[in-house]
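Reading through the structure tokens given below for one structure.
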Amino acid sequence: MRIATWNVNSLTVRLPQVLDWLAAHQPDALCLQETKLTDDKFPHTELAAAGYQSQWFGQKTYNGVALITRAPVDAVAKNIPGYADEQSRVIAGTLNGVRLIGAYFPNGQAPDSDKFQYKMAWLEGLQAWINEELKSHARLVLVGDYNIAPEDQDVFDPVAWAGQILCTPEERAHFQRLLSLGLHDAFRLFEQPAKSWSWWDYRNLAFRKNQGLRIDHILVSDALKSAVTACSIDKLPRKNERPSDHAPVWVTLDTPG
DNA sequence: ATGACTCCCAGTGGGAGA
């Protein structure tokens, strides 16, 4: 089973690229973030014509997530149960016995901002929920735009970014807490090229200079760790005309079904 | 350089993203 995640920064703009990517890679599931669409505008018809069914959860202008799968999913959940939130950031479903959770983590803006406090509270809520989900779903995958660079090796200039948003000790501690629930960073289960990033700023010719961060992740539970056969970042879509600032990340699981 | 780009909703500017 192949699962992918991609922050598309507007599905309206990026739908042709998503359809191209689905055709080229044939994933079993693709989780999208920052669709920036109200639910009435979600392009489920176009995706169905490409052989994929969709679950979606959006809002106007900001955020918005979707689960695009070849086979139907069960037990769809939207946002974090028990954590009241105006923002559409999480969608989950069960696919072939695997609990798949796609999330657009808050950005946080700046460590001294109200948005950072929201990010911390949201991360607390997520951590508590994932802990509960693991009790009933040993086979669980948590993917998405985490807006956290877990380690210095995930940052092109760790000195300049030290203590900045996406790299604060508080955010990194939350990432480690997720791992401590029994999750594993699929990307780091394999040898990877140095300077592997999933996001490059639109400004400053950042992609051309390969100045990026690795902030999009795929975490797999203990029960799935040995099933992971590959995990990679696909930089190619970042070279498209009008690209998203994020690249897709995908994982392959050797699972029955 | 508190920049640079892109998206959105707006409405010829401003917020947000990361």
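Residue numbering restarts at 1 in every chain; chains get A, B, ... in the order shown in the structure tokens, and ligands count up from 1 in that same order.
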Check: which chain A residues lie within 12 Å of chain B using only C-alpha atoms (C1' of nucleotides), as an MDAnalysis selection string: chainID A and resid 7:14 34:37 60:63 105:110 115 145:149 161 164:167 198:207 212:216 242:246
Backbone DSSP call of alpha helix (DSSP H) for segment 68-210 of chain A, listed as a PyMOL selection string: chain A and resi 114-136+158-161+169-180
Pull C-alpha atoms from the residues just selected and write them as a PDB file, in the first residue's frame.
```pdb
ATOM      1  CA  ASP A 114      -1.215  33.996  20.160  1.00  0.00           C
ATOM      2  CA  LYS A 115      -0.993  31.648  17.188  1.00  0.00           C
ATOM      3  CA  PHE A 116       1.906  29.857  18.847  1.00  0.00           C
ATOM      4  CA  GLN A 117      -0.235  29.329  21.949  1.00  0.00           C
ATOM      5  CA  TYR A 118      -2.939  27.881  19.698  1.00  0.00           C
ATOM      6  CA  LYS A 119      -0.353  25.614  18.081  1.00  0.00           C
ATOM      7  CA  MET A 120       0.761  24.315  21.476  1.00  0.00           C
ATOM      8  CA  ALA A 121      -2.822  23.679  22.634  1.00  0.00           C
ATOM      9  CA  TRP A 122      -3.666  21.969  19.327  1.00  0.00           C
ATOM     10  CA  LEU A 123      -0.593  19.748  19.644  1.00  0.00           C
ATOM     11  CA  GLU A 124      -1.677  18.772  23.173  1.00  0.00           C
ATOM     12  CA  GLY A 125      -5.102  17.828  21.846  1.00  0.00           C
ATOM     13  CA  LEU A 126      -3.641  15.870  18.945  1.00  0.00           C
ATOM     14  CA  GLN A 127      -1.229  13.961  21.171  1.00  0.00           C
ATOM     15  CA  ALA A 128      -4.006  12.928  23.570  1.00  0.00           C
ATOM     16  CA  TRP A 129      -6.230  11.825  20.677  1.00  0.00           C
ATOM     17  CA  ILE A 130      -3.508   9.830  18.896  1.00  0.00           C
ATOM     18  CA  ASN A 131      -2.752   8.100  22.192  1.00  0.00           C
ATOM     19  CA  GLU A 132      -6.405   7.019  22.352  1.00  0.00           C
ATOM     20  CA  GLU A 133      -6.597   6.037  18.678  1.00  0.00           C
ATOM     21  CA  LEU A 134      -3.580   3.753  19.060  1.00  0.00           C
ATOM     22  CA  LYS A 135      -5.459   1.720  21.672  1.00  0.00           C
ATOM     23  CA  SER A 136      -8.070   0.680  19.118  1.00  0.00           C
ATOM     24  CA  PRO A 158      19.952  25.545  11.508  1.00  0.00           C
ATOM     25  CA  VAL A 159      21.933  28.404  13.049  1.00  0.00           C
ATOM     26  CA  ALA A 160      19.807  31.096  11.429  1.00  0.00           C
ATOM     27  CA  TRP A 161      16.612  29.164  12.241  1.00  0.00           C
ATOM     28  CA  PRO A 169      12.430  23.480  21.365  1.00  0.00           C
ATOM     29  CA  GLU A 170       8.736  23.466  22.327  1.00  0.00           C
ATOM     30  CA  GLU A 171       7.639  22.346  18.858  1.00  0.00           C
ATOM     31  CA  ARG A 172      10.411  19.765  18.645  1.00  0.00           C
ATOM     32  CA  ALA A 173       9.451  18.414  22.076  1.00  0.00           C
ATOM     33  CA  HIS A 174       5.914  17.895  20.803  1.00  0.00           C
ATOM     34  CA  PHE A 175       7.250  15.968  17.815  1.00  0.00           C
ATOM     35  CA  GLN A 176       9.262  13.754  20.184  1.00  0.00           C
ATOM     36  CA  ARG A 177       6.171  13.208  22.328  1.00  0.00           C
ATOM     37  CA  LEU A 178       4.332  11.899  19.279  1.00  0.00           C
ATOM     38  CA  LEU A 179       7.223   9.501  18.646  1.00  0.00           C
ATOM     39  CA  SER A 180       7.121   8.417  22.286  1.00  0.00           C
TER      40      SER A 180
END
```
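Of the residues in segment 143-255 of chain A, those given strand (DSSP E or B) by DSSP on the backbone are Val143, Gly144, Asp145, Val155, Leu183, His184, Asp185, Trp199, Trp200, Gly212, Leu213, Asp216, His217, Ile218, Leu219, Val220, Ser221, Val228, Thr229, Ala230, Cys231, Ser232, Ile233, His246, Val249, Trp250, Val251, Thr252 and Leu253 of chain A.
Going from atom CA of Gly97 of chain A to atom CA of Ala77 of chain A covers 15.2 Å.
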Ala75 of chain A environment, 8 Å, only C-alpha atoms (C1' of nucleotides), sequence neighbours closer than 6 positions dropped, as number ranges by chain: A: 92-94
Two-atom distance - atom CA of Ala24 of chain A, atom CA of Ala66 of chain A (Å): 19.4 Å
Non-local contacts of Phe190 of chain A (12 Å; only C-alpha atoms (C1' of nucleotides); under 5 positions in same chain excluded) as a list in words: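 Skipping anything fewer than 5 positions along the chain leaves His184, Asp185, Lys225, Ser226, Val228, Thr229, Ala230, Cys231, Ser232 and Val251 of chain A.
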